[in-house]
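Structure file run07.cif; described as mmCIF, C-alpha atoms.
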```cif
data_protein
loop_
_atom_site.label_atom_id
_atom_site.label_comp_id
_atom_site.auth_asym_id
_atom_site.auth_seq_id
_atom_site.Cartn_x
_atom_site.Cartn_y
_atom_site.Cartn_z
CA MET A 1371 10.28 1.48 -6.79
CA TYR A 1372 10.61 4.71 -8.71
CA GLU A 1373 9.25 3.89 -12.15
CA THR A 1374 10.72 5.21 -15.37
CA PRO A 1375 8.41 7.41 -17.50
CA GLU A 1376 7.84 4.55 -19.94
CA ALA A 1377 6.34 2.40 -17.17
CA LEU A 1378 2.85 3.66 -18.02
CA THR A 1379 3.32 4.02 -21.78
CA ARG A 1380 5.63 1.33 -23.17
CA PHE A 1381 2.91 -1.32 -23.35
CA LEU A 1382 -0.11 0.96 -23.62
CA PRO A 1383 -2.31 0.03 -26.62
CA GLY A 1384 -2.15 2.41 -29.58
CA GLU A 1385 -5.66 3.77 -29.10
CA TYR A 1386 -4.57 5.13 -25.72
CA SER A 1387 -1.21 6.50 -26.86
CA ARG A 1388 -2.18 10.10 -26.06
CA ALA A 1389 -4.06 9.29 -22.86
CA VAL A 1390 -0.90 9.33 -20.71
CA GLN A 1391 1.59 12.12 -21.26
CA PHE A 1392 4.28 13.98 -19.37
CA ALA A 1393 4.02 17.75 -19.81
CA GLN A 1394 6.40 20.55 -18.94
CA ILE A 1395 4.46 23.18 -17.02
CA GLY A 1396 6.76 26.03 -16.11
CA ARG A 1397 9.80 24.44 -14.51
CA GLN A 1398 7.88 21.36 -13.41
CA THR A 1399 7.11 18.09 -15.17
CA ARG A 1400 3.57 16.92 -14.58
CA ILE A 1401 1.75 13.76 -15.57
CA VAL A 1402 -1.37 14.23 -17.68
CA ILE A 1403 -3.93 11.41 -17.71
CA ASN A 1404 -6.98 11.70 -19.94
CA ASN A 1405 -6.23 15.40 -20.46
CA ARG A 1406 -6.17 16.04 -16.73
CA VAL A 1407 -3.05 17.31 -14.98
CA THR A 1408 -2.29 15.80 -11.59
CA ASP A 1409 0.32 17.00 -9.11
CA PHE A 1410 -0.29 14.35 -6.45
CA ILE A 1411 3.26 13.14 -7.09
CA PRO A 1412 5.37 16.30 -7.45
CA ASN A 1413 8.01 14.76 -9.74
CA PRO A 1414 6.52 11.82 -11.68
CA THR A 1415 9.72 11.15 -13.63
CA PHE A 1416 11.76 10.76 -10.43
CA GLU A 1417 15.03 12.09 -11.85
CA ARG A 1418 15.47 14.03 -8.61
CA VAL A 1419 13.80 12.87 -5.41
CA ALA A 1420 13.80 13.59 -1.70
CA ALA A 1421 16.33 11.46 0.12
CA PRO A 1422 15.06 8.34 1.89
CA GLY A 1423 13.92 9.31 5.38
CA ALA A 1424 14.06 13.05 4.63
CA HIS A 1425 10.69 13.63 6.34
CA GLU A 1426 11.54 11.66 9.47
CA LYS A 1427 11.47 14.69 11.81
CA PHE A 1428 8.10 15.81 10.47
CA PHE A 1429 6.42 12.44 10.95
CA ALA A 1430 8.12 11.95 14.32
CA GLY A 1431 6.44 15.17 15.47
CA LEU A 1432 9.73 17.04 15.87
CA ASN A 1433 8.94 20.03 13.66
CA THR A 1434 9.78 22.54 16.39
CA GLU A 1435 10.58 25.30 13.86
CA GLY A 1436 7.25 25.09 12.05
CA LEU A 1437 8.80 24.25 8.67
CA THR A 1438 6.99 22.87 5.64
CA LEU A 1439 7.73 19.37 4.40
CA ARG A 1440 9.74 20.81 1.53
CA GLU A 1441 11.78 23.01 3.87
CA MET A 1442 12.52 20.10 6.17
CA GLN A 1443 13.58 17.59 3.57
CA GLY A 1444 16.81 19.22 2.40
CA PRO A 1445 18.19 19.16 -1.15
CA ALA A 1446 16.90 16.66 -3.69
CA ILE A 1447 19.11 13.80 -4.78
CA GLU A 1448 19.34 11.67 -7.91
CA ALA A 1449 17.03 8.66 -7.57
CA PRO A 1450 19.18 5.86 -6.08
CA ALA A 1451 19.95 3.07 -8.52
CA SER A 1452 18.36 0.63 -6.06
CA THR A 1453 14.98 2.26 -6.72
CA ARG A 1454 15.28 1.75 -10.46
CA ASN A 1455 16.29 -1.90 -11.01
CA PRO A 1456 16.32 -5.20 -9.11
CA ALA A 1457 20.05 -5.99 -9.22
CA ASP A 1458 20.92 -2.74 -7.45
CA ARG A 1459 18.03 -3.26 -5.03
CA VAL A 1460 19.45 -6.63 -3.95
CA ALA A 1461 22.83 -5.00 -3.38
CA GLU A 1462 21.10 -2.35 -1.27
CA LEU A 1463 19.20 -5.00 0.69
CA ASP A 1464 22.53 -6.67 1.47
CA ARG A 1465 23.93 -3.37 2.70
CA GLN A 1466 20.84 -2.74 4.83
CA GLY A 1467 20.80 -6.24 6.30
CA VAL A 1468 17.37 -6.96 4.81
CA VAL A 1469 16.67 -10.45 3.49
CA GLU A 1470 13.52 -9.97 1.40
CA ALA A 1471 11.38 -6.99 0.42
CA LEU A 1472 7.96 -6.33 -0.99
CA ASN A 1473 8.53 -3.71 -3.66
CA TYR A 1474 5.58 -1.45 -4.47
CA PRO A 1475 5.11 0.83 -7.48
CA THR A 1476 4.89 4.57 -6.77
CA LEU A 1477 3.09 5.96 -9.84
CA ALA A 1478 0.32 3.41 -9.37
CA SER A 1479 -0.93 5.46 -6.43
CA LEU A 1480 -2.35 8.11 -8.76
CA VAL A 1481 -3.37 6.19 -11.90
CA GLU A 1482 -6.67 4.69 -10.81
CA HIS A 1483 -7.91 7.95 -9.33
CA SER A 1484 -6.87 10.05 -12.32
CA ALA A 1485 -8.40 7.71 -14.92
CA ALA A 1486 -11.45 6.63 -12.91
CA ASP A 1487 -13.96 8.30 -15.22
CA ASP A 1488 -12.82 5.96 -18.02
CA PRO A 1489 -12.75 2.35 -16.72
CA GLN A 1490 -11.39 0.94 -19.99
CA LEU A 1491 -8.48 3.37 -19.91
CA THR A 1492 -7.83 2.54 -16.26
CA LEU A 1493 -7.65 -1.16 -17.05
CA ALA A 1494 -5.35 -0.51 -20.02
CA ILE A 1495 -2.90 1.62 -18.00
CA ILE A 1496 -2.80 -0.85 -15.13
CA HIS A 1497 -2.11 -3.78 -17.46
CA ALA A 1498 0.61 -1.76 -19.23
CA LEU A 1499 2.25 -1.02 -15.88
CA ASN A 1500 2.07 -4.68 -14.88
CA GLN A 1501 3.69 -5.69 -18.18
CA TRP A 1502 6.46 -3.15 -17.68
CA MET A 1503 7.01 -4.44 -14.15
CA VAL A 1504 7.42 -8.01 -15.42
CA GLU A 1505 10.00 -6.89 -17.97
CA HIS A 1506 11.90 -4.41 -15.83
CA TRP A 1507 11.73 -5.89 -12.30
CA SER A 1508 10.00 -9.28 -12.57
CA TYR A 1509 7.51 -10.13 -9.84
CA ASN A 1510 10.02 -12.34 -8.03
CA TYR A 1511 13.67 -11.43 -8.38
CA GLU A 1512 15.96 -14.09 -6.90
CA ASP A 1513 13.44 -14.79 -4.12
CA ARG A 1514 14.58 -11.47 -2.60
CA VAL A 1515 12.54 -8.70 -4.23
CA PHE A 1516 8.81 -9.33 -4.64
CA SER A 1517 7.41 -6.57 -6.84
CA THR A 1518 3.67 -6.20 -6.56
CA PRO A 1519 1.47 -5.81 -9.66
CA ILE A 1520 -1.90 -4.05 -9.46
CA ILE A 1521 -5.40 -5.36 -10.02
CA ASN A 1522 -8.15 -2.89 -10.85
CA LEU A 1523 -11.68 -4.06 -10.10
CA SER A 1524 -13.66 -1.81 -12.45
CA GLU A 1525 -14.87 -4.91 -14.29
CA VAL A 1526 -15.02 -8.33 -12.70
CA ASP A 1527 -14.03 -10.34 -15.76
CA ALA A 1528 -11.15 -7.95 -16.51
CA ALA A 1529 -9.93 -8.33 -12.92
CA GLN A 1530 -10.06 -12.10 -13.32
CA ARG A 1531 -7.98 -11.87 -16.51
CA GLU A 1532 -5.42 -9.61 -14.82
CA LEU A 1533 -5.22 -12.01 -11.89
CA ALA A 1534 -4.55 -14.89 -14.28
CA TYR A 1535 -1.86 -12.83 -16.04
CA ILE A 1536 0.07 -11.90 -12.89
CA LEU A 1537 -0.17 -15.44 -11.50
CA GLU A 1538 1.21 -16.79 -14.77
CA HIS A 1539 4.17 -14.45 -14.37
CA GLY A 1540 4.96 -15.43 -10.79
CA ALA A 1541 3.35 -12.74 -8.62
CA LYS A 1542 3.65 -13.41 -4.89
CA ALA A 1543 1.22 -10.63 -3.91
CA ALA A 1544 -0.95 -8.03 -5.65
CA LEU A 1545 -2.01 -4.48 -4.86
CA ILE A 1546 -5.61 -3.30 -4.80
CA LYS A 1547 -6.54 0.32 -4.21
CA PRO A 1548 -8.59 0.72 -1.03
CA GLY A 1549 -11.77 2.37 -2.23
CA PRO A 1550 -14.82 2.01 -4.45
CA VAL A 1551 -14.40 1.35 -8.17
CA ASN A 1552 -16.13 2.88 -11.18
CA GLY A 1553 -17.32 0.24 -13.62
CA LEU A 1554 -20.27 -0.90 -15.69
CA HIS A 1555 -22.70 -0.21 -12.85
CA GLY A 1556 -21.19 3.09 -11.71
CA TRP A 1557 -19.35 3.46 -8.43
CA ARG A 1558 -19.46 0.29 -6.35
CA SER A 1559 -17.82 -1.38 -3.39
CA PRO A 1560 -15.52 -4.15 -4.66
CA ALA A 1561 -16.76 -6.28 -1.77
CA LEU A 1562 -20.33 -6.63 -3.07
CA PRO A 1563 -21.43 -10.15 -4.11
CA GLU A 1564 -21.13 -9.27 -7.82
CA PHE A 1565 -17.34 -9.33 -7.32
CA ASP A 1566 -17.38 -12.84 -5.82
CA PRO A 1567 -16.03 -14.55 -8.98
CA PHE A 1568 -12.84 -12.50 -8.62
CA TRP A 1569 -12.44 -13.08 -4.89
CA ARG A 1570 -13.13 -16.79 -5.39
CA ASP A 1571 -10.23 -16.92 -7.86
CA VAL A 1572 -7.97 -15.02 -5.45
CA GLU A 1573 -8.79 -17.40 -2.60
CA SER A 1574 -8.31 -20.44 -4.82
CA ALA A 1575 -4.90 -19.15 -5.94
CA GLY A 1576 -3.87 -18.36 -2.36
CA LEU A 1577 -2.63 -14.95 -3.50
CA PRO A 1578 -2.25 -12.38 -0.69
CA ILE A 1579 -3.70 -8.93 -1.40
CA VAL A 1580 -2.16 -5.66 -0.22
CA LEU A 1581 -4.33 -2.58 0.30
CA HIS A 1582 -1.76 0.17 -0.15
CA ALA A 1583 -2.37 3.85 0.57
CA SER A 1584 -3.26 5.64 -2.63
CA TYR A 1585 -4.60 8.91 -4.00
CA PRO A 1586 -7.58 9.44 -1.67
CA PRO A 1587 -11.00 9.31 -3.38
CA LEU A 1588 -12.45 12.20 -1.36
CA ASP A 1589 -11.37 15.24 -3.39
CA ASP A 1590 -14.93 16.29 -4.20
CA TYR A 1591 -15.86 16.10 -0.53
CA ILE A 1592 -12.84 18.15 0.59
CA ALA A 1593 -13.59 20.75 -2.10
CA LYS A 1594 -16.97 21.37 -0.45
CA TRP A 1595 -15.16 22.50 2.69
CA GLU A 1596 -12.31 24.57 1.29
CA PRO A 1597 -11.34 25.85 -2.17
CA PRO A 1598 -9.36 23.31 -4.20
CA HIS A 1599 -5.68 24.12 -4.00
CA THR A 1600 -3.48 21.15 -4.74
CA ALA A 1601 -3.53 17.39 -4.42
CA ASN A 1602 0.23 17.40 -3.84
CA PHE A 1603 0.79 15.65 -0.51
CA MET A 1604 3.77 17.97 0.10
CA ALA A 1605 1.47 21.00 0.31
CA GLN A 1606 -1.77 19.74 1.82
CA SER A 1607 -3.69 22.03 4.14
CA PRO A 1608 -4.15 21.12 7.82
CA PHE A 1609 -7.88 20.62 7.16
CA ARG A 1610 -7.13 18.17 4.35
CA TRP A 1611 -4.73 16.22 6.58
CA MET A 1612 -7.38 15.96 9.28
CA ALA A 1613 -10.41 15.30 7.07
CA LEU A 1614 -8.76 12.65 4.94
CA GLY A 1615 -7.03 10.85 7.79
CA HIS A 1616 -7.12 7.16 6.85
CA ARG A 1617 -10.78 7.04 5.95
CA GLU A 1618 -10.26 5.05 2.77
CA ILE A 1619 -8.61 2.04 4.45
CA ALA A 1620 -11.13 1.96 7.30
CA ASP A 1621 -14.00 2.12 4.80
CA MET A 1622 -12.46 -0.54 2.57
CA ILE A 1623 -12.04 -3.03 5.39
CA THR A 1624 -15.49 -2.14 6.74
CA SER A 1625 -16.86 -2.97 3.29
CA LEU A 1626 -14.99 -6.29 3.11
CA ILE A 1627 -16.54 -7.24 6.46
CA CYS A 1628 -20.03 -5.70 6.23
CA HIS A 1629 -20.60 -6.72 2.61
CA GLY A 1630 -19.52 -10.24 3.55
CA THR A 1631 -16.54 -10.90 1.28
CA LEU A 1632 -14.32 -12.11 4.13
CA THR A 1633 -17.05 -14.40 5.43
CA ARG A 1634 -17.82 -15.89 2.03
CA PHE A 1635 -14.07 -16.33 1.41
CA PRO A 1636 -12.55 -16.88 4.86
CA ASN A 1637 -9.12 -17.89 3.55
CA LEU A 1638 -8.37 -14.53 1.92
CA ARG A 1639 -5.24 -12.83 3.24
CA ILE A 1640 -5.45 -9.02 3.20
CA ALA A 1641 -2.77 -6.60 4.40
CA SER A 1642 -3.08 -2.89 5.06
CA VAL A 1643 0.18 -1.16 4.08
CA GLU A 1644 1.22 2.48 4.52
CA ASN A 1645 -2.13 3.31 6.08
CA GLY A 1646 -0.90 3.54 9.64
CA SER A 1647 -2.79 1.98 12.53
CA GLY A 1648 -4.55 4.80 14.37
CA TRP A 1649 -7.84 3.92 12.65
CA ILE A 1650 -7.97 0.37 14.06
CA TYR A 1651 -9.06 1.07 17.63
CA PRO A 1652 -11.96 3.38 16.60
CA LEU A 1653 -13.04 0.82 14.00
CA PHE A 1654 -13.03 -1.98 16.57
CA HIS A 1655 -15.02 0.21 18.95
CA ASP A 1656 -17.62 1.02 16.29
CA PHE A 1657 -17.90 -2.61 15.20
CA GLU A 1658 -18.49 -3.71 18.79
CA ASP A 1659 -21.20 -1.11 19.23
CA LEU A 1660 -22.88 -1.96 15.92
CA TYR A 1661 -22.76 -5.70 16.54
CA LYS A 1662 -24.67 -5.26 19.79
CA LYS A 1663 -27.38 -3.34 17.92
CA MET A 1664 -27.77 -5.56 14.87
CA PRO A 1665 -26.10 -8.96 15.37
CA GLN A 1666 -28.51 -10.50 12.87
CA ASN A 1667 -26.65 -8.68 10.10
CA PHE A 1668 -23.32 -10.32 10.92
CA PRO A 1669 -22.86 -14.07 10.46
CA GLU A 1670 -19.57 -13.66 12.36
CA HIS A 1671 -18.39 -11.08 14.86
CA PRO A 1672 -16.53 -8.36 12.90
CA HIS A 1673 -13.59 -8.54 15.32
CA GLU A 1674 -13.14 -12.24 14.60
CA VAL A 1675 -13.22 -11.61 10.86
CA PHE A 1676 -10.66 -8.81 11.11
CA ARG A 1677 -8.29 -10.88 13.26
CA ARG A 1678 -8.57 -13.86 10.92
CA ASN A 1679 -8.14 -12.10 7.57
CA ILE A 1680 -6.35 -8.77 8.07
CA TRP A 1681 -2.65 -8.01 8.59
CA VAL A 1682 -1.52 -4.46 9.43
CA SER A 1683 1.73 -2.62 8.82
CA PRO A 1684 1.83 0.33 11.25
CA PHE A 1685 3.70 3.52 10.53
CA TRP A 1686 7.14 3.58 12.13
CA GLU A 1687 6.08 6.65 14.11
CA GLY A 1688 2.89 4.95 15.25
CA CYS A 1689 2.31 2.59 18.16
CA VAL A 1690 2.91 -1.08 17.44
CA ALA A 1691 1.40 -2.03 20.81
CA ASP A 1692 -1.94 -0.54 19.76
CA VAL A 1693 -2.06 -2.91 16.81
CA VAL A 1694 -1.04 -5.88 18.92
CA ASP A 1695 -3.75 -5.17 21.49
CA THR A 1696 -6.48 -5.29 18.85
CA VAL A 1697 -5.17 -7.50 16.06
CA GLY A 1698 -2.54 -9.70 17.73
CA TRP A 1699 1.19 -10.29 17.34
CA ASP A 1700 0.78 -12.67 14.41
CA LYS A 1701 -0.87 -10.00 12.22
CA VAL A 1702 1.48 -7.02 12.63
CA LEU A 1703 4.01 -6.38 9.85
CA PHE A 1704 7.20 -4.35 9.72
CA GLY A 1705 7.40 -1.89 6.83
CA SER A 1706 9.79 1.01 6.27
CA ASP A 1707 8.41 2.63 3.08
CA PHE A 1708 11.99 2.82 1.78
CA PRO A 1709 13.01 4.83 -0.28
CA HIS A 1710 10.24 7.39 0.17
CA PRO A 1711 11.08 10.48 2.26
CA GLU A 1712 8.31 9.72 4.78
CA GLY A 1713 9.86 6.31 5.41
CA LEU A 1714 13.08 5.31 7.13
CA ALA A 1715 16.52 5.76 5.61
CA GLU A 1716 17.60 2.48 7.22
CA PRO A 1717 14.63 0.07 7.19
CA LYS A 1718 15.67 -2.32 9.94
CA GLY A 1719 15.93 0.63 12.32
CA PHE A 1720 12.16 0.28 12.76
CA TRP A 1721 12.66 -2.15 15.66
CA LYS A 1722 13.82 0.81 17.77
CA TYR A 1723 10.34 2.30 17.53
CA ALA A 1724 8.48 -0.86 18.52
CA GLU A 1725 7.76 -1.26 22.21
CA GLY A 1726 8.15 -4.34 24.35
CA MET A 1727 9.41 -6.89 21.86
CA ASP A 1728 11.14 -10.00 23.13
CA VAL A 1729 13.21 -12.08 20.73
CA ARG A 1730 10.29 -14.16 19.43
CA ARG A 1731 8.19 -11.08 18.75
CA THR A 1732 11.11 -9.32 17.12
CA TYR A 1733 11.44 -12.22 14.66
CA ASP A 1734 7.69 -12.16 14.03
CA PHE A 1735 7.40 -8.41 13.55
CA MET A 1736 10.57 -7.85 11.54
CA GLY A 1737 9.99 -10.65 9.05
CA ASP A 1738 8.25 -13.88 9.93
CA ASN A 1739 4.70 -12.45 9.98
CA ALA A 1740 5.25 -11.07 6.48
CA ARG A 1741 6.63 -14.43 5.37
CA ARG A 1742 3.53 -16.14 6.74
CA PHE A 1743 1.36 -13.61 4.92
CA LEU A 1744 3.19 -14.37 1.66
CA GLY A 1745 3.30 -18.13 2.26
CA LEU A 1746 7.11 -18.20 2.52
CA PRO A 1747 9.18 -20.27 4.95
CA ILE A 1748 9.82 -18.44 8.22
CA ALA A 1749 13.36 -17.44 9.15
CA ASN A 1750 13.75 -19.56 12.28
CA PRO A 1751 11.02 -22.14 12.89
CA ASP A 1752 12.64 -23.52 16.06
CA PRO A 1753 11.19 -21.67 19.10
CA ALA A 1754 13.78 -23.21 21.41
CA ALA A 1755 16.61 -21.74 19.34
CA ILE A 1756 14.98 -18.34 19.50
CA GLU A 1757 14.23 -18.39 23.21
CA SER A 1758 17.84 -19.31 23.97
CA ARG A 1759 18.91 -15.84 22.82
CA SER A 1760 18.92 -12.77 24.98
CA PRO A 1761 15.71 -10.71 24.87
CA ILE A 1762 15.72 -7.53 22.81
CA HIS A 1763 14.04 -4.53 24.39
CA ALA A 1764 13.38 -1.53 22.21
CA ALA A 1765 14.67 1.89 23.12
#
```

If you took the structure in this file and wrote it as structure tokens, what would it be?
Amino acid sequence: MYETPEALTRFLPGEYSRAVQFAQIGRQTRIVINNRVTDFIPNPTFERVAAPGAHEKFFAGLNTEGLTLREMQGPAIEAPASTRNPADRVAELDRQGVVEALNYPTLASLVEHSAADDPQLTLAIIHALNQWMVEHWSYNYEDRVFSTPIINLSEVDAAQRELAYILEHGAKAALIKPGPVNGLHGWRSPALPEFDPFWRDVESAGLPIVLHASYPPLDDYIAKWEPPHTANFMAQSPFRWMALGHREIADMITSLICHGTLTRFPNLRIASVENGSGWIYPLFHDFEDLYKKMPQNFPEHPHEVFRRNIWVSPFWEGCVADVVDTVGWDKVLFGSDFPHPEGLAEPKGFWKYAEGMDVRRTYDFMGDNARRFLGLPIANPDPAAIESRSPIHAA
């Protein structure tokens, strides 16, 4: 979704009324959180946005002219109505031939990073955004659009309260930022045993958790290598692209495995979304090597834990087969990132990028695996009916 400006402020408690503001700086509108300007999202009001799929050539590696992202994307457009409200989104899904969609917030990707030095403010903004989402989108619109509220883990009891709130309002999945959290005990991994009361509640509720790409937590580290320039993903330096990679998702899942959360709560369902898949093979390699050196530290083989608990949504320009070889066909999820410019203009076109899919695997990848993740009925539970169709081979 593209949130309206009031998404962060409408339900914000009075004592935080000046903590989130939109400021005009030159010709640009910027979001200011706790007196700090962030440009991670270039246009946080989303009146004008890059067209869906506008960065496709860049991410497909077809930038033969050496253009910047901004030069490649073409003119901005008015935010499509389908990104602003659920009724128009359902109409767009019908046009696209998409049955159901997980609908993620966009502004949420910067909030927790920008407010991290004030855990109480972070919790207040996140709850305000979740309240706005209930009012404006609902968490389950006509069993077609499943909007995903956020849970911040700065404080365990606050996370438990937020979990109870979103469950009461019908959430089918929740977002958690992949990374450490700043709370009462300073910066911590949210997979340490002190967070077990929260994870126990999540497992008991059967709520799937999505680890969605967010504002990376490594700014201070990058600034030690090159002078700070901008956090805007549209203008990142080559070094920043390389150094950041997908470190945060690999570290988050490493923490969930090494700190034992996924062993103590083996029924948790965790999905990595918009983090790509290139990090999986190196992670599996490192886990295998480490397990041989210190098996006494792992009550289960890390590979087994990953394959049991983790789903992965690869980038459309990535290699689906790489995920399948490590994780398995039942844990790979289709995702288009519509309507963002780095996504696909036509979501179901993803199948063209996925190698070697027969009909059964096409059903699994393009929908049924996500339905299993969410606990929804699968589209066609009769294998015989599926196998009677002609195989689909990707271009």

Discussion item. Under the PyMOL selection byres ((chain A and resi 1561-1577) around 8), which residues of this model are included? Write them out as number ranges by chain.
Written reply: A: 1526-1527, 1529-1530, 1533, 1542-1544, 1558-1560, 1578-1579, 1625-1626, 1629-1631, 1635, 1637-1639, 1744

Worksheet item: So what do you get for CA of Met1736 (chain A) versus CA of Ala1471 (chain A), distance-wise?
Response: 11.2 Å

Worksheet item: Selected by the PyMOL selection byres ((chain A and resi 1616) around 10) in the shown coordinates: which residues, as an MDAnalysis selection string?
Response: chainID A and resid 1583 1586 1611:1615 1617:1621 1644:1650

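Using all atoms listed in the file, the shortest contact distance between Asp1589 (chain A) and any of A:Glu1674, A:Met1727, A:Arg1610, A:Gly1713 is found at A:Arg1610.
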
How big is the axis-aligned box around all listed atoms of region 1567-1582 of chain A once 3 Å goes on each side, and where's its centre, in Å to one decimal, as lines of an AutoDock Vina configuration file?
```
center_x = -8.9
center_y = -10.1
center_z = -4.3
size_x = 20.3
size_y = 26.6
size_z = 15.3
```

Discussion item. Within 12 Å of (-4.1, -5.6, 20.2) (file coordinates; all atoms listed in the file), which protein or nucleic acid residues are there? I'd like them as JSON, numbers by chain.
Written reply: {"A": [1647, 1648, 1650, 1651, 1654, 1673, 1676, 1677, 1681, 1682, 1689, 1690, 1691, 1692, 1693, 1694, 1695, 1696, 1697, 1698, 1699, 1700, 1701, 1702]}

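A straight line drawn from CA of Leu1382 (chain A) to CA of Thr1518 (chain A) is 18.9 Å long.
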
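Computed from the coordinates, the CA of Tyr1474 (chain A) to CA of Arg1742 (chain A) distance equals 18.6 Å.
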
Worksheet entry | Neighbour list for Met1622 (chain A) as an MDAnalysis selection string, cut-off 8 Å, all atoms listed in the file, skip fewer than 5 positions in-chain | chainID A and resid 1548:1550

Practice prompt. Write out as a list of chain:residue names each polymer residue whose atoms come within 12 Å of Arg1418 (chain A), counting all atoms listed in the file; drop sequence neighbours fewer than 2 positions from it.
Written response: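 Listing them by chain and then by number gives A:Tyr1372, A:Gln1398, A:Thr1399, A:Pro1412, A:Asn1413, A:Pro1414, A:Thr1415, A:Phe1416, A:Ala1420, A:Ala1421, A:Pro1422, A:Pro1445, A:Ala1446, A:Ile1447, A:Glu1448, A:Ala1449, A:Pro1450, A:Ala1451, A:Thr1453.
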
Worksheet entry | Spatial neighbours of Tyr1511 (chain A), max dist 12 Å, all atoms listed in the file, sep filter under 3 positions, as a ChimeraX atom specification | /A:1455-1460,1470-1473,1503-1508,1514-1518,1539-1542

Convert the current residue selection to file output with C-alpha atoms, as a PDB file, keeping the file's coordinate frame.
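part_28.pdb, written as the output of this step:
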```
ATOM      1  CA  ASN A1455      16.290  -1.900 -11.010  1.00  0.00           C
ATOM      2  CA  PRO A1456      16.320  -5.200  -9.110  1.00  0.00           C
ATOM      3  CA  ALA A1457      20.050  -5.990  -9.220  1.00  0.00           C
ATOM      4  CA  ASP A1458      20.920  -2.740  -7.450  1.00  0.00           C
ATOM      5  CA  ARG A1459      18.030  -3.260  -5.030  1.00  0.00           C
ATOM      6  CA  VAL A1460      19.450  -6.630  -3.950  1.00  0.00           C
ATOM      7  CA  GLU A1470      13.520  -9.970   1.400  1.00  0.00           C
ATOM      8  CA  ALA A1471      11.380  -6.990   0.420  1.00  0.00           C
ATOM      9  CA  LEU A1472       7.960  -6.330  -0.990  1.00  0.00           C
ATOM     10  CA  ASN A1473       8.530  -3.710  -3.660  1.00  0.00           C
ATOM     11  CA  MET A1503       7.010  -4.440 -14.150  1.00  0.00           C
ATOM     12  CA  VAL A1504       7.420  -8.010 -15.420  1.00  0.00           C
ATOM     13  CA  GLU A1505      10.000  -6.890 -17.970  1.00  0.00           C
ATOM     14  CA  HIS A1506      11.900  -4.410 -15.830  1.00  0.00           C
ATOM     15  CA  TRP A1507      11.730  -5.890 -12.300  1.00  0.00           C
ATOM     16  CA  SER A1508      10.000  -9.280 -12.570  1.00  0.00           C
ATOM     17  CA  ARG A1514      14.580 -11.470  -2.600  1.00  0.00           C
ATOM     18  CA  VAL A1515      12.540  -8.700  -4.230  1.00  0.00           C
ATOM     19  CA  PHE A1516       8.810  -9.330  -4.640  1.00  0.00           C
ATOM     20  CA  SER A1517       7.410  -6.570  -6.840  1.00  0.00           C
ATOM     21  CA  THR A1518       3.670  -6.200  -6.560  1.00  0.00           C
ATOM     22  CA  HIS A1539       4.170 -14.450 -14.370  1.00  0.00           C
ATOM     23  CA  GLY A1540       4.960 -15.430 -10.790  1.00  0.00           C
ATOM     24  CA  ALA A1541       3.350 -12.740  -8.620  1.00  0.00           C
ATOM     25  CA  LYS A1542       3.650 -13.410  -4.890  1.00  0.00           C
TER      26      LYS A1542
END
```

Discussion item. With the PyMOL selection byres ((chain A and resi 1429-1437) around 9) as the selection, what would be picked from this file? Answer as a PyMOL selection string, please.
Written reply: chain A and resi 1425-1428+1438-1442+1686-1688+1712-1713

Item to complete: Quick one: everything within 7 Å of Leu1545 (chain A), counting all atoms listed in the file, minus sequence neighbours fewer than 6 positions away in the same chain. Send it as a list of chain:residue names.
Response: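 The residues satisfying every condition are A:Thr1518, A:Pro1519, A:Ile1520, A:Ile1521, A:Ile1579, A:Val1580, A:Leu1581, A:His1582.
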
Next, dump the selected residues to file, keeping only C-alpha atoms, as a PDB file, in the frame of the given file.
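The result, written out as again08.pdb:
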```pdb
ATOM      1  CA  THR A1518       3.670  -6.200  -6.560  1.00  0.00           C
ATOM      2  CA  PRO A1519       1.470  -5.810  -9.660  1.00  0.00           C
ATOM      3  CA  ILE A1520      -1.900  -4.050  -9.460  1.00  0.00           C
ATOM      4  CA  ILE A1521      -5.400  -5.360 -10.020  1.00  0.00           C
ATOM      5  CA  ILE A1579      -3.700  -8.930  -1.400  1.00  0.00           C
ATOM      6  CA  VAL A1580      -2.160  -5.660  -0.220  1.00  0.00           C
ATOM      7  CA  LEU A1581      -4.330  -2.580   0.300  1.00  0.00           C
ATOM      8  CA  HIS A1582      -1.760   0.170  -0.150  1.00  0.00           C
TER       9      HIS A1582
END
```

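Residue nearest Arg1380 (chain A) within the list A:Ile1680, A:Leu1703, A:Val1402, A:Ile1496: A:Ile1496 [criterion: smallest interatomic distance, all atoms listed in the file].
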
Discussion item. List the spatial neighbours of Ile1403 (chain A) as a list in words - criterion: any atom at most 9 Å away, all atoms listed in the file, same-chain residues fewer than 4 positions off excluded.
Written reply: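 Surrounding residues, per the criterion: Arg1388, Ala1389, Val1390, Gln1391, Phe1392, Val1407, Thr1408, Val1481, Ser1484 and Ala1485 of chain A.
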
Worksheet item: Of the residues A:Ala1486, A:Ala1641, A:Glu1462, A:Pro1597, which is the one nearest to Ile1546 (chain A), using all atoms listed in the file?
Response: A:Ala1641

Item to complete: Check the smallest atom-to-atom distance from each of A:Ser1524, A:Asn1667, A:Thr1476, A:Gln1466 to Thr1374 (chain A) using all atoms listed in the file, then report the winner.
Response: A:Thr1476
